[in-house]
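Visitor: Data file data14.pdb (PDB, C-alpha atoms and all ligand atoms) is appended below.
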```
ATOM      1  CA  MET B   1       0.000   0.000   0.000
ATOM      2  CA  ALA B   2       1.409   3.384  -0.989
ATOM      3  CA  VAL B   3       1.961   5.793   1.875
ATOM      4  CA  LYS B   4      -0.447   8.722   2.213
ATOM      5  CA  ILE B   5       1.013  12.102   3.128
ATOM      6  CA  LEU B   6      -0.863  14.034   5.799
ATOM      7  CA  ASP B   7      -0.307  17.511   4.374
ATOM      8  CA  GLY B   8      -0.297  20.199   7.069
ATOM      9  CA  LYS B   9      -0.208  22.976   4.492
ATOM     10  CA  ILE B  10      -3.487  21.886   2.888
ATOM     11  CA  MET B  11      -5.190  20.989   6.173
ATOM     12  CA  SER B  12      -4.190  24.205   7.932
ATOM     13  CA  ALA B  13      -5.293  26.294   4.931
ATOM     14  CA  GLU B  14      -8.758  24.695   5.158
ATOM     15  CA  ILE B  15      -8.952  25.414   8.886
ATOM     16  CA  LYS B  16      -7.736  28.988   8.431
ATOM     17  CA  ALA B  17     -10.354  29.577   5.719
ATOM     18  CA  GLU B  18     -13.087  28.520   8.156
ATOM     19  CA  ILE B  19     -11.555  30.657  10.915
ATOM     20  CA  THR B  20     -11.473  33.673   8.585
ATOM     21  CA  GLU B  21     -15.228  33.324   7.991
ATOM     22  CA  ARG B  22     -15.959  33.029  11.707
ATOM     23  CA  VAL B  23     -13.734  36.033  12.490
ATOM     24  CA  ALA B  24     -15.672  38.085   9.936
ATOM     25  CA  ALA B  25     -18.957  37.002  11.541
ATOM     26  CA  LEU B  26     -17.671  38.031  14.989
ATOM     27  CA  LYS B  27     -16.553  41.408  13.666
ATOM     28  CA  VAL B  28     -20.119  42.062  12.524
ATOM     29  CA  GLN B  29     -21.071  41.633  16.182
ATOM     30  CA  GLY B  30     -18.409  44.137  17.208
ATOM     31  CA  VAL B  31     -15.709  41.749  18.402
ATOM     32  CA  THR B  32     -12.314  41.319  16.721
ATOM     33  CA  PRO B  33     -10.406  38.363  18.167
ATOM     34  CA  GLY B  34      -7.155  39.626  19.689
ATOM     35  CA  LEU B  35      -4.001  37.607  20.355
ATOM     36  CA  ALA B  36      -1.096  39.018  22.381
ATOM     37  CA  VAL B  37       2.194  37.167  22.003
ATOM     38  CA  ILE B  38       4.925  37.948  24.505
ATOM     39  CA  LEU B  39       8.494  37.383  23.377
ATOM     40  CA  VAL B  40      11.173  37.794  26.028
ATOM     41  CA  GLY B  41      14.642  38.268  24.530
ATOM     42  CA  ASN B  42      15.489  37.430  20.935
ATOM     43  CA  ASP B  43      16.043  33.695  20.590
ATOM     44  CA  PRO B  44      16.213  33.171  16.785
ATOM     45  CA  ALA B  45      13.884  30.120  16.715
ATOM     46  CA  SER B  46      11.336  31.922  18.921
ATOM     47  CA  GLU B  47      11.546  34.952  16.609
ATOM     48  CA  ILE B  48      10.447  32.753  13.695
ATOM     49  CA  TYR B  49       7.585  31.135  15.644
ATOM     50  CA  VAL B  50       6.336  34.516  16.844
ATOM     51  CA  ARG B  51       6.486  35.981  13.351
ATOM     52  CA  ASN B  52       4.462  33.058  11.974
ATOM     53  CA  LYS B  53       1.819  33.565  14.664
ATOM     54  CA  GLN B  54       1.539  37.244  13.697
ATOM     55  CA  ILE B  55       1.197  36.276  10.017
ATOM     56  CA  GLY B  56      -1.576  33.817  10.969
ATOM     57  CA  CYS B  57      -3.460  36.607  12.745
ATOM     58  CA  ASP B  58      -3.073  38.920   9.752
ATOM     59  CA  GLU B  59      -4.276  36.220   7.321
ATOM     60  CA  THR B  60      -7.443  35.496   9.291
ATOM     61  CA  GLY B  61      -8.359  39.083  10.190
ATOM     62  CA  MET B  62      -7.490  38.859  13.885
ATOM     63  CA  ASN B  63      -5.696  41.541  15.857
ATOM     64  CA  GLY B  64      -2.243  40.115  16.469
ATOM     65  CA  ARG B  65       0.058  41.983  18.814
ATOM     66  CA  THR B  66       3.656  41.015  19.508
ATOM     67  CA  ILE B  67       5.024  42.373  22.765
ATOM     68  CA  ARG B  68       8.801  42.325  22.857
ATOM     69  CA  LEU B  69      10.435  42.447  26.269
ATOM     70  CA  ARG B  70      14.105  42.624  27.211
ATOM     71  CA  ALA B  71      15.860  39.352  28.053
ATOM     72  CA  ASP B  72      16.746  40.699  31.526
ATOM     73  CA  ILE B  73      13.167  41.612  32.484
ATOM     74  CA  SER B  74      12.288  40.794  36.104
ATOM     75  CA  GLN B  75       9.675  38.236  37.112
ATOM     76  CA  GLU B  76       7.573  41.029  38.631
ATOM     77  CA  ALA B  77       7.648  43.174  35.495
ATOM     78  CA  LEU B  78       6.708  40.218  33.269
ATOM     79  CA  GLU B  79       3.843  39.234  35.551
ATOM     80  CA  ALA B  80       2.652  42.867  35.601
ATOM     81  CA  GLU B  81       2.555  42.814  31.796
ATOM     82  CA  ILE B  82       0.422  39.664  31.887
ATOM     83  CA  ASP B  83      -1.907  41.276  34.447
ATOM     84  CA  ARG B  84      -2.342  44.201  32.100
ATOM     85  CA  LEU B  85      -3.269  41.888  29.213
ATOM     86  CA  ASN B  86      -5.605  39.885  31.487
ATOM     87  CA  ARG B  87      -7.544  43.110  32.111
ATOM     88  CA  ASP B  88      -7.549  44.230  28.458
ATOM     89  CA  SER B  89     -10.926  43.254  26.956
ATOM     90  CA  ALA B  90      -9.535  43.559  23.395
ATOM     91  CA  VAL B  91      -7.142  40.689  24.149
ATOM     92  CA  HIS B  92      -8.801  37.264  24.043
ATOM     93  CA  GLY B  93      -5.658  35.157  23.913
ATOM     94  CA  ILE B  94      -2.296  35.539  25.639
ATOM     95  CA  LEU B  95       0.727  33.468  24.684
ATOM     96  CA  VAL B  96       4.124  33.662  26.322
ATOM     97  CA  GLN B  97       6.665  32.222  23.912
ATOM     98  CA  LEU B  98       8.764  29.507  25.568
ATOM     99  CA  PRO B  99      11.470  28.889  26.567
ATOM    100  CA  LEU B 100      11.948  31.900  28.821
ATOM    101  CA  PRO B 101      15.411  33.060  29.936
ATOM    102  CA  GLY B 102      16.704  30.961  32.839
ATOM    103  CA  HIS B 103      16.183  33.531  35.616
ATOM    104  CA  LEU B 104      12.404  33.530  35.082
ATOM    105  CA  ASP B 105      10.002  31.065  36.712
ATOM    106  CA  GLU B 106       8.099  29.646  33.743
ATOM    107  CA  GLN B 107       5.365  27.886  35.734
ATOM    108  CA  ALA B 108       4.658  31.030  37.780
ATOM    109  CA  VAL B 109       4.410  33.071  34.577
ATOM    110  CA  LEU B 110       1.990  30.616  32.953
ATOM    111  CA  ALA B 111      -0.100  30.522  36.144
ATOM    112  CA  LYS B 112      -0.603  34.299  35.886
ATOM    113  CA  ILE B 113      -2.478  34.047  32.583
ATOM    114  CA  LEU B 114      -6.259  33.885  33.017
ATOM    115  CA  PRO B 115      -7.206  30.281  32.106
ATOM    116  CA  GLU B 116      -9.833  31.532  29.622
ATOM    117  CA  LYS B 117      -7.159  33.590  27.820
ATOM    118  CA  ASP B 118      -4.568  30.784  27.948
ATOM    119  CA  VAL B 119      -4.725  29.895  24.244
ATOM    120  CA  ASP B 120      -1.667  27.648  24.615
ATOM    121  CA  GLY B 121      -3.577  25.417  27.045
ATOM    122  CA  PHE B 122      -0.578  25.376  29.420
ATOM    123  CA  HIS B 123      -2.281  26.756  32.555
ATOM    124  CA  LEU B 124      -2.711  24.138  35.286
ATOM    125  CA  ILE B 125      -6.495  24.571  35.060
ATOM    126  CA  ASN B 126      -6.430  23.714  31.360
ATOM    127  CA  ALA B 127      -3.950  20.875  31.931
ATOM    128  CA  GLY B 128      -6.435  19.587  34.530
ATOM    129  CA  HIS B 129      -9.310  19.807  32.051
ATOM    130  CA  MET B 130      -7.212  17.781  29.643
ATOM    131  CA  MET B 131      -6.703  15.117  32.329
ATOM    132  CA  THR B 132     -10.366  14.888  33.224
ATOM    133  CA  GLY B 133     -11.716  15.286  29.689
ATOM    134  CA  THR B 134     -13.793  18.327  30.658
ATOM    135  CA  GLU B 135     -14.154  21.502  28.608
ATOM    136  CA  GLY B 136     -11.004  23.660  28.561
ATOM    137  CA  VAL B 137      -8.373  24.963  26.183
ATOM    138  CA  VAL B 138      -6.478  22.126  24.464
ATOM    139  CA  ALA B 139      -2.754  22.630  23.769
ATOM    140  CA  CYS B 140      -2.210  23.568  20.123
ATOM    141  CA  THR B 141       0.364  21.049  18.915
ATOM    142  CA  PRO B 142      -1.376  17.913  20.247
ATOM    143  CA  LYS B 143      -4.725  19.314  19.103
ATOM    144  CA  GLY B 144      -3.323  19.777  15.590
ATOM    145  CA  ALA B 145      -1.721  16.348  15.609
ATOM    146  CA  LEU B 146      -5.019  14.749  16.632
ATOM    147  CA  HIS B 147      -6.777  16.582  13.806
ATOM    148  CA  MET B 148      -4.306  14.989  11.390
ATOM    149  CA  ILE B 149      -4.777  11.546  12.933
ATOM    150  CA  ARG B 150      -8.575  11.870  12.698
ATOM    151  CA  SER B 151      -8.292  12.958   9.057
ATOM    152  CA  THR B 152      -7.159   9.438   8.146
ATOM    153  CA  GLY B 153     -10.744   8.319   8.782
ATOM    154  CA  GLU B 154      -9.438   5.294  10.700
ATOM    155  CA  GLU B 155     -11.378   4.015  13.709
ATOM    156  CA  LEU B 156      -9.197   5.122  16.642
ATOM    157  CA  ALA B 157     -10.874   3.219  19.491
ATOM    158  CA  GLY B 158      -8.795   0.236  20.532
ATOM    159  CA  LYS B 159      -5.749   1.242  18.463
ATOM    160  CA  GLU B 160      -2.283   0.972  19.973
ATOM    161  CA  ALA B 161      -0.871   4.494  20.224
ATOM    162  CA  VAL B 162       2.727   5.148  21.217
ATOM    163  CA  VAL B 163       3.953   8.649  22.044
ATOM    164  CA  ILE B 164       7.714   9.159  22.225
ATOM    165  CA  GLY B 165       8.322  12.120  24.514
ATOM    166  CA  ARG B 166       6.789  13.181  27.819
ATOM    167  CA  SER B 167       6.928  16.988  27.735
ATOM    168  CA  ASN B 168       4.127  19.056  29.225
ATOM    169  CA  ILE B 169       3.735  20.823  25.873
ATOM    170  CA  VAL B 170       3.379  17.794  23.605
ATOM    171  CA  GLY B 171       3.965  14.289  24.971
ATOM    172  CA  LYS B 172       1.671  14.263  28.001
ATOM    173  CA  PRO B 173      -1.280  16.157  26.451
ATOM    174  CA  MET B 174      -0.952  14.092  23.250
ATOM    175  CA  ALA B 175      -1.219  10.905  25.281
ATOM    176  CA  MET B 176      -4.305  12.269  27.092
ATOM    177  CA  LEU B 177      -6.031  13.180  23.815
ATOM    178  CA  LEU B 178      -5.372   9.729  22.376
ATOM    179  CA  LEU B 179      -6.685   8.163  25.576
ATOM    180  CA  ARG B 180      -9.842  10.230  25.166
ATOM    181  CA  GLU B 181     -10.166   8.661  21.698
ATOM    182  CA  ASN B 182     -10.083   5.256  23.455
ATOM    183  CA  CYS B 183      -6.665   4.304  22.128
ATOM    184  CA  THR B 184      -4.427   2.079  24.251
ATOM    185  CA  VAL B 185      -1.652   4.551  24.980
ATOM    186  CA  THR B 186       2.016   4.022  25.823
ATOM    187  CA  ILE B 187       4.314   6.930  26.641
ATOM    188  CA  CYS B 188       7.980   6.252  25.874
ATOM    189  CA  HIS B 189      10.870   8.496  26.889
ATOM    190  CA  SER B 190      14.617   8.691  27.227
ATOM    191  CA  ARG B 191      14.695   6.019  29.978
ATOM    192  CA  THR B 192      12.412   3.552  28.160
ATOM    193  CA  LYS B 193      14.005   0.143  27.688
ATOM    194  CA  ASN B 194      13.663  -1.664  24.355
ATOM    195  CA  LEU B 195      12.052   1.341  22.687
ATOM    196  CA  LYS B 196      11.732  -0.449  19.358
ATOM    197  CA  GLU B 197       9.587  -3.206  20.903
ATOM    198  CA  HIS B 198       7.065  -0.561  21.900
ATOM    199  CA  THR B 199       7.117   1.471  18.709
ATOM    200  CA  ARG B 200       6.767  -1.580  16.452
ATOM    201  CA  ARG B 201       3.402  -2.319  18.094
ATOM    202  CA  ALA B 202       2.099   1.176  17.372
ATOM    203  CA  ASP B 203      -0.829   1.665  14.988
ATOM    204  CA  ILE B 204      -0.340   5.369  15.758
ATOM    205  CA  LEU B 205       3.189   6.590  16.444
ATOM    206  CA  VAL B 206       3.794  10.169  17.581
ATOM    207  CA  ALA B 207       7.421  11.337  17.712
ATOM    208  CA  ALA B 208       8.117  14.329  19.965
ATOM    209  CA  VAL B 209      11.736  13.702  20.840
ATOM    210  CA  GLY B 210      13.711  16.659  19.531
ATOM    211  CA  LYS B 211      16.320  14.583  17.675
ATOM    212  CA  ALA B 212      16.540  14.697  13.888
ATOM    213  CA  GLY B 213      15.828  11.362  12.188
ATOM    214  CA  PHE B 214      15.399   9.524  15.515
ATOM    215  CA  VAL B 215      12.586   7.256  14.298
ATOM    216  CA  THR B 216      13.935   4.828  11.728
ATOM    217  CA  ALA B 217      12.051   2.445   9.429
ATOM    218  CA  ASP B 218      12.776  -0.623  11.587
ATOM    219  CA  MET B 219      10.916   1.044  14.492
ATOM    220  CA  VAL B 220       7.660   1.377  12.572
ATOM    221  CA  LYS B 221       4.801  -1.101  12.135
ATOM    222  CA  PRO B 222       3.776  -1.503   8.481
ATOM    223  CA  GLY B 223       0.720   0.658   7.728
ATOM    224  CA  ALA B 224       1.071   2.800  10.876
ATOM    225  CA  ILE B 225       0.003   6.431  11.176
ATOM    226  CA  VAL B 226       3.264   8.302  11.869
ATOM    227  CA  ILE B 227       3.036  11.833  13.250
ATOM    228  CA  ASP B 228       6.284  13.809  13.377
ATOM    229  CA  VAL B 229       6.226  16.669  15.886
ATOM    230  CA  GLY B 230       9.975  17.370  15.670
ATOM    231  CA  ILE B 231      11.392  20.658  14.433
ATOM    232  CA  ASN B 232      15.181  20.300  14.403
ATOM    233  CA  ARG B 233      17.585  22.592  12.615
ATOM    234  CA  VAL B 234      20.372  20.671  10.927
ATOM    235  CA  ASP B 235      22.866  22.487   8.657
ATOM    236  CA  GLY B 236      20.367  25.313   8.187
ATOM    237  CA  LYS B 237      17.533  22.950   7.204
ATOM    238  CA  VAL B 238      14.485  21.995   9.244
ATOM    239  CA  ARG B 239      14.225  18.257   9.880
ATOM    240  CA  GLY B 240      11.732  16.196  11.841
ATOM    241  CA  ASP B 241      12.225  13.439  14.411
ATOM    242  CA  VAL B 242      11.350  10.845  11.772
ATOM    243  CA  ASP B 243      13.639   9.598   9.013
ATOM    244  CA  PHE B 244      10.971  10.538   6.450
ATOM    245  CA  ASP B 245      12.483   8.983   3.314
ATOM    246  CA  ALA B 246      12.926   5.556   4.907
ATOM    247  CA  VAL B 247       9.798   5.519   7.103
ATOM    248  CA  LYS B 248       7.486   6.476   4.224
ATOM    249  CA  GLU B 249       8.283   3.091   2.659
ATOM    250  CA  VAL B 250       6.754   1.347   5.708
ATOM    251  CA  ALA B 251       4.081   3.651   7.139
ATOM    252  CA  GLY B 252       0.464   3.923   5.968
ATOM    253  CA  TRP B 253       0.292   7.658   6.687
ATOM    254  CA  ILE B 254       3.036  10.126   7.522
ATOM    255  CA  THR B 255       3.390  13.849   8.217
ATOM    256  CA  PRO B 256       6.232  15.729   6.492
ATOM    257  CA  VAL B 257       8.564  18.259   8.155
ATOM    258  CA  PRO B 258       8.303  21.075   7.264
ATOM    259  CA  GLY B 259       4.676  21.367   6.147
ATOM    260  CA  GLY B 260       3.219  18.997   8.728
ATOM    261  CA  VAL B 261       2.296  19.369  12.382
ATOM    262  CA  GLY B 262       3.963  22.818  12.681
ATOM    263  CA  LYS B 263       1.427  24.348  10.302
ATOM    264  CA  MET B 264      -1.372  22.785  12.329
ATOM    265  CA  THR B 265      -0.048  24.219  15.596
ATOM    266  CA  ILE B 266      -0.561  27.747  14.316
ATOM    267  CA  ALA B 267      -3.991  26.912  12.909
ATOM    268  CA  MET B 268      -5.021  25.533  16.319
ATOM    269  CA  LEU B 269      -3.645  28.585  18.112
ATOM    270  CA  LEU B 270      -5.845  30.747  15.899
ATOM    271  CA  ALA B 271      -8.792  28.409  16.538
ATOM    272  CA  ASN B 272      -8.239  28.653  20.307
ATOM    273  CA  THR B 273      -8.075  32.457  20.088
ATOM    274  CA  LEU B 274     -11.254  32.598  18.005
ATOM    275  CA  GLU B 275     -13.056  30.303  20.459
ATOM    276  CA  ALA B 276     -11.904  32.472  23.393
ATOM    277  CA  ALA B 277     -13.341  35.544  21.627
ATOM    278  CA  GLU B 278     -16.607  33.720  20.827
ATOM    279  CA  ARG B 279     -16.937  32.714  24.494
ATOM    280  CA  THR B 280     -16.829  36.347  25.616
ATOM    281  CA  LEU B 281     -19.923  37.070  23.500
ATOM    282  CA  ARG B 282     -21.765  34.154  25.078
ATOM    283  CA  HIS B 283     -20.888  35.443  28.547
ATOM    284  CA  ASP B 284     -22.073  39.007  27.932
TER     285      ASP B 284
HETATM  286  N1  LIG Q   1       7.761  27.135  22.236
HETATM  287  C1  LIG Q   1       7.767  26.041  21.446
HETATM  288  N2  LIG Q   1       6.509  25.619  21.225
HETATM  289  C2  LIG Q   1       5.695  26.463  21.893
HETATM  290  C3  LIG Q   1       4.281  26.560  22.026
HETATM  291  O1  LIG Q   1       3.502  25.757  21.517
HETATM  292  N3  LIG Q   1       3.839  27.586  22.790
HETATM  293  C4  LIG Q   1       4.680  28.466  23.391
HETATM  294  N4  LIG Q   1       4.134  29.421  24.144
HETATM  295  N5  LIG Q   1       5.981  28.413  23.273
HETATM  296  C5  LIG Q   1       6.486  27.410  22.527
END
```
Re-express the file's structure as structure tokens.

Guide:
Amino acid sequence: MAVKILDGKIMSAEIKAEITERVAALKVQGVTPGLAVILVGNDPASEIYVRNKQIGCDETGMNGRTIRLRADISQEALEAEIDRLNRDSAVHGILVQLPLPGHLDEQAVLAKILPEKDVDGFHLINAGHMMTGTEGVVACTPKGALHMIRSTGEELAGKEAVVIGRSNIVGKPMAMLLLRENCTVTICHSRTKNLKEHTRRADILVAAVGKAGFVTADMVKPGAIVIDVGINRVDGKVRGDVDFDAVKEVAGWITPVPGGVGKMTIAMLLANTLEAAERTLRHD
């Protein structure tokens, strides 16, 4: 069976087109969804991510605002900035680009964001909603990855899903979402023994490792859905965690890098911002 490419460019364009229509409808009611992105310092990778988020806002008609703060900003000053945005009714979503410089307490910063404006889904309240399967903001990258998995049309209940990586941003929420789909979920990580034995059982394999080409063809079950969350810069090129050229000969579905999950992350961020803006109308 020939591999099918799960194309993040096409899928995210479809989602953004729908978001654009819903933004226009909200504007008629006097609300323009607003996203504030805080960038502390000038990490080059973060600069690119933040720019892409701003472009996404521009494309869909949202008010995107990038707030640049000095790398040596104090915890108090950063938290005061978040307080200001929490109170600003034109701002429906607040995102603090991670990682933050080492002297700042990341968890304390994230905890400052009002949960209903936490469009990243990183606040403990939203992480708790994810755990319990109740309504909350779902983290963008796992949400986008799940959208891609669902797009295969495969029945997910009862499937073996293996997530490599246990970060709070991707691995853990991804595992929770797959559990909610009634998959049998295994989380593998750097201390997992006999990794290949786990991954070869996976009907759905999600790689969120942060190492270029980590997942090789011998680790993949024939016909599997392979989702590559990695964004690694190697010799100036962006490469995923999956050895794409080899794994595509084995997998049933695969996401490319670039043009895969990364595109979906931004689409989901815009969706979360739109939904936050729509909620404010319902609460008026
Ligand atoms: N840095 C890398 N990925 C992310 C993300 O999804 N959200 C934020 N806020 N920072 C990131």

Visitor: Please indicate the distance in Å from CA of Asp7 in chain B to atom N4 of ligand LIG 1 (chain Q), rounded to one decimal place.

Guide: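 These two atoms are separated by 23.5 Å.
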
Visitor: Which residues are near Met174 in chain B? Cut-off 12 Å, all atoms listed in the file, ignore same chain within fewer than 4 positions. Put them as a PyMOL selection string.

Guide: chain B and resi 127+130-131+138-147+149+161-170+178-181+183+185-187+204-208+227+229

Visitor: Check which residues fall inside 6 Å of ligand LIG 1 (chain Q) when counting only C-alpha atoms and all ligand atoms, and print them as a PyMOL selection string.

Guide: chain B and resi 95-99+120

Visitor: One decimal, in Å: what's the spacing between CA of Asn86 in chain B and CA of Ile113 in chain B?

Guide: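 Those two atoms sit 6.7 Å apart.
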
Visitor: With distances taken over all atoms listed in the file, which of B:Ile125, B:Leu78, B:Ile266, B:Leu281 is nearest to Tyr49 in chain B?

Guide: B:Ile266

Visitor: Interatomic distance between CA of Asn63 in chain B and CA of Asp105 in chain B?

Guide: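 Going from CA of Asn63 in chain B over to CA of Asp105 in chain B covers 28.1 Å.
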
Visitor: I'd like to see the residues matched by the PyMOL selection byres (((chain B and resi 71) around 7) and not hetatm) on this file, and ideally I'd get them as a list in words.

Guide: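 Against this file, the PyMOL selection byres (((chain B and resi 71) around 7) and not hetatm) returns the residues Val40, Gly41, Leu69, Arg70, Asp72, Ile73 and Pro101 of chain B.
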
Visitor: Excluding Glu116 in chain B and residues on its chain fewer than 3 positions from it, collect all residues at most 9 Å away from it, counting all atoms listed in the file, and give them as a list in words.

Guide: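 The neighbour list is His92, Gly93, Ile113, Val119, Asn126, Gly136, Val137, Ala276 and Arg279 of chain B.
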
Visitor: Tell me which of B:Lys4, B:His198, B:Lys172, B:Lys9 sits closest to Val257 in chain B, counting all atoms listed in the file.

Guide: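 The shortest atom-to-atom distance to Val257 in chain B comes from B:Lys9.
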
Visitor: Name the residues captured by the PyMOL selection byres (((chain B and resi 31) around 12) and not hetatm) when it is applied to the shown file; answer as a CSV table (one decimal) with C-alpha atoms, keeping the file's coordinate frame.

Guide:
```
chain,number,residue,atom,x,y,z
B,22,ARG,CA,-16.0,33.0,11.7
B,23,VAL,CA,-13.7,36.0,12.5
B,24,ALA,CA,-15.7,38.1,9.9
B,25,ALA,CA,-19.0,37.0,11.5
B,26,LEU,CA,-17.7,38.0,15.0
B,27,LYS,CA,-16.6,41.4,13.7
B,28,VAL,CA,-20.1,42.1,12.5
B,29,GLN,CA,-21.1,41.6,16.2
B,30,GLY,CA,-18.4,44.1,17.2
B,32,THR,CA,-12.3,41.3,16.7
B,33,PRO,CA,-10.4,38.4,18.2
B,34,GLY,CA,-7.2,39.6,19.7
B,61,GLY,CA,-8.4,39.1,10.2
B,62,MET,CA,-7.5,38.9,13.9
B,63,ASN,CA,-5.7,41.5,15.9
B,89,SER,CA,-10.9,43.3,27.0
B,90,ALA,CA,-9.5,43.6,23.4
B,91,VAL,CA,-7.1,40.7,24.1
B,92,HIS,CA,-8.8,37.3,24.0
B,274,LEU,CA,-11.3,32.6,18.0
B,275,GLU,CA,-13.1,30.3,20.5
B,276,ALA,CA,-11.9,32.5,23.4
B,277,ALA,CA,-13.3,35.5,21.6
B,278,GLU,CA,-16.6,33.7,20.8
B,279,ARG,CA,-16.9,32.7,24.5
B,280,THR,CA,-16.8,36.3,25.6
B,281,LEU,CA,-19.9,37.1,23.5
B,282,ARG,CA,-21.8,34.2,25.1
B,284,ASP,CA,-22.1,39.0,27.9
```

Visitor: May I ask which of the residues B:Asp118, B:Val250, B:Phe214, B:Pro258 is the closest one to Val238 in chain B, counting all atoms listed in the file?

Guide: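 The closest residue to Val238 in chain B is B:Pro258.
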
Visitor: List the neighbours of Glu47 in chain B out to 12 Å using only C-alpha atoms; skip same-chain residues closer than 3 positions along the sequence, and give me the result as a ChimeraX atom specification.

Guide: /B:37-44,50-54,66-68,97-99

Visitor: Name all residues at most 12 Å from Asp243 in chain B (count all atoms listed in the file; drop same-chain ones fewer than 2 positions away) and give them as a PyMOL selection string.

Guide: chain B and resi 207+211-220+226-228+230+239-241+245-251+254-257

Visitor: Limited to C-alpha atoms, could you put the picked residues into a file as a compact mmCIF listing (two decimals), keeping the file's coordinate frame?

Guide:
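Result written to out20.txt:
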```
# COMPACT_ATOMS: atom_id res chain seq x y z
CA ALA B 207 7.42 11.34 17.71
CA LYS B 211 16.32 14.58 17.68
CA ALA B 212 16.54 14.70 13.89
CA GLY B 213 15.83 11.36 12.19
CA PHE B 214 15.40 9.52 15.52
CA VAL B 215 12.59 7.26 14.30
CA THR B 216 13.94 4.83 11.73
CA ALA B 217 12.05 2.44 9.43
CA ASP B 218 12.78 -0.62 11.59
CA MET B 219 10.92 1.04 14.49
CA VAL B 220 7.66 1.38 12.57
CA VAL B 226 3.26 8.30 11.87
CA ILE B 227 3.04 11.83 13.25
CA ASP B 228 6.28 13.81 13.38
CA GLY B 230 9.98 17.37 15.67
CA ARG B 239 14.22 18.26 9.88
CA GLY B 240 11.73 16.20 11.84
CA ASP B 241 12.22 13.44 14.41
CA ASP B 245 12.48 8.98 3.31
CA ALA B 246 12.93 5.56 4.91
CA VAL B 247 9.80 5.52 7.10
CA LYS B 248 7.49 6.48 4.22
CA GLU B 249 8.28 3.09 2.66
CA VAL B 250 6.75 1.35 5.71
CA ALA B 251 4.08 3.65 7.14
CA ILE B 254 3.04 10.13 7.52
CA THR B 255 3.39 13.85 8.22
CA PRO B 256 6.23 15.73 6.49
CA VAL B 257 8.56 18.26 8.15
```

Visitor: Restricting the calculation to only C-alpha atoms: of B:Arg87, B:Lys196, B:Lys16, B:Lys159, which residue gets closest to Ile225 in chain B?

Guide: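 So, comparing all the options, the nearest one is B:Lys159.
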
Visitor: Select, from B:Gly133, B:Val209, B:Asp235, B:Leu177, the residue with the minimum atom-to-atom distance to Ser190 in chain B, counting only C-alpha atoms.

Guide: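 Among the listed residues, B:Val209 lies closest to Ser190 in chain B.
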
Visitor: Using all atoms listed in the file, which of the listed residues (B:Ile94, B:Ala80, B:Ile5, B:Ala13) sits closest to Asn272 in chain B?

Guide: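 Looking only at the distances to Asn272 in chain B, the closest residue turns out to be B:Ile94.
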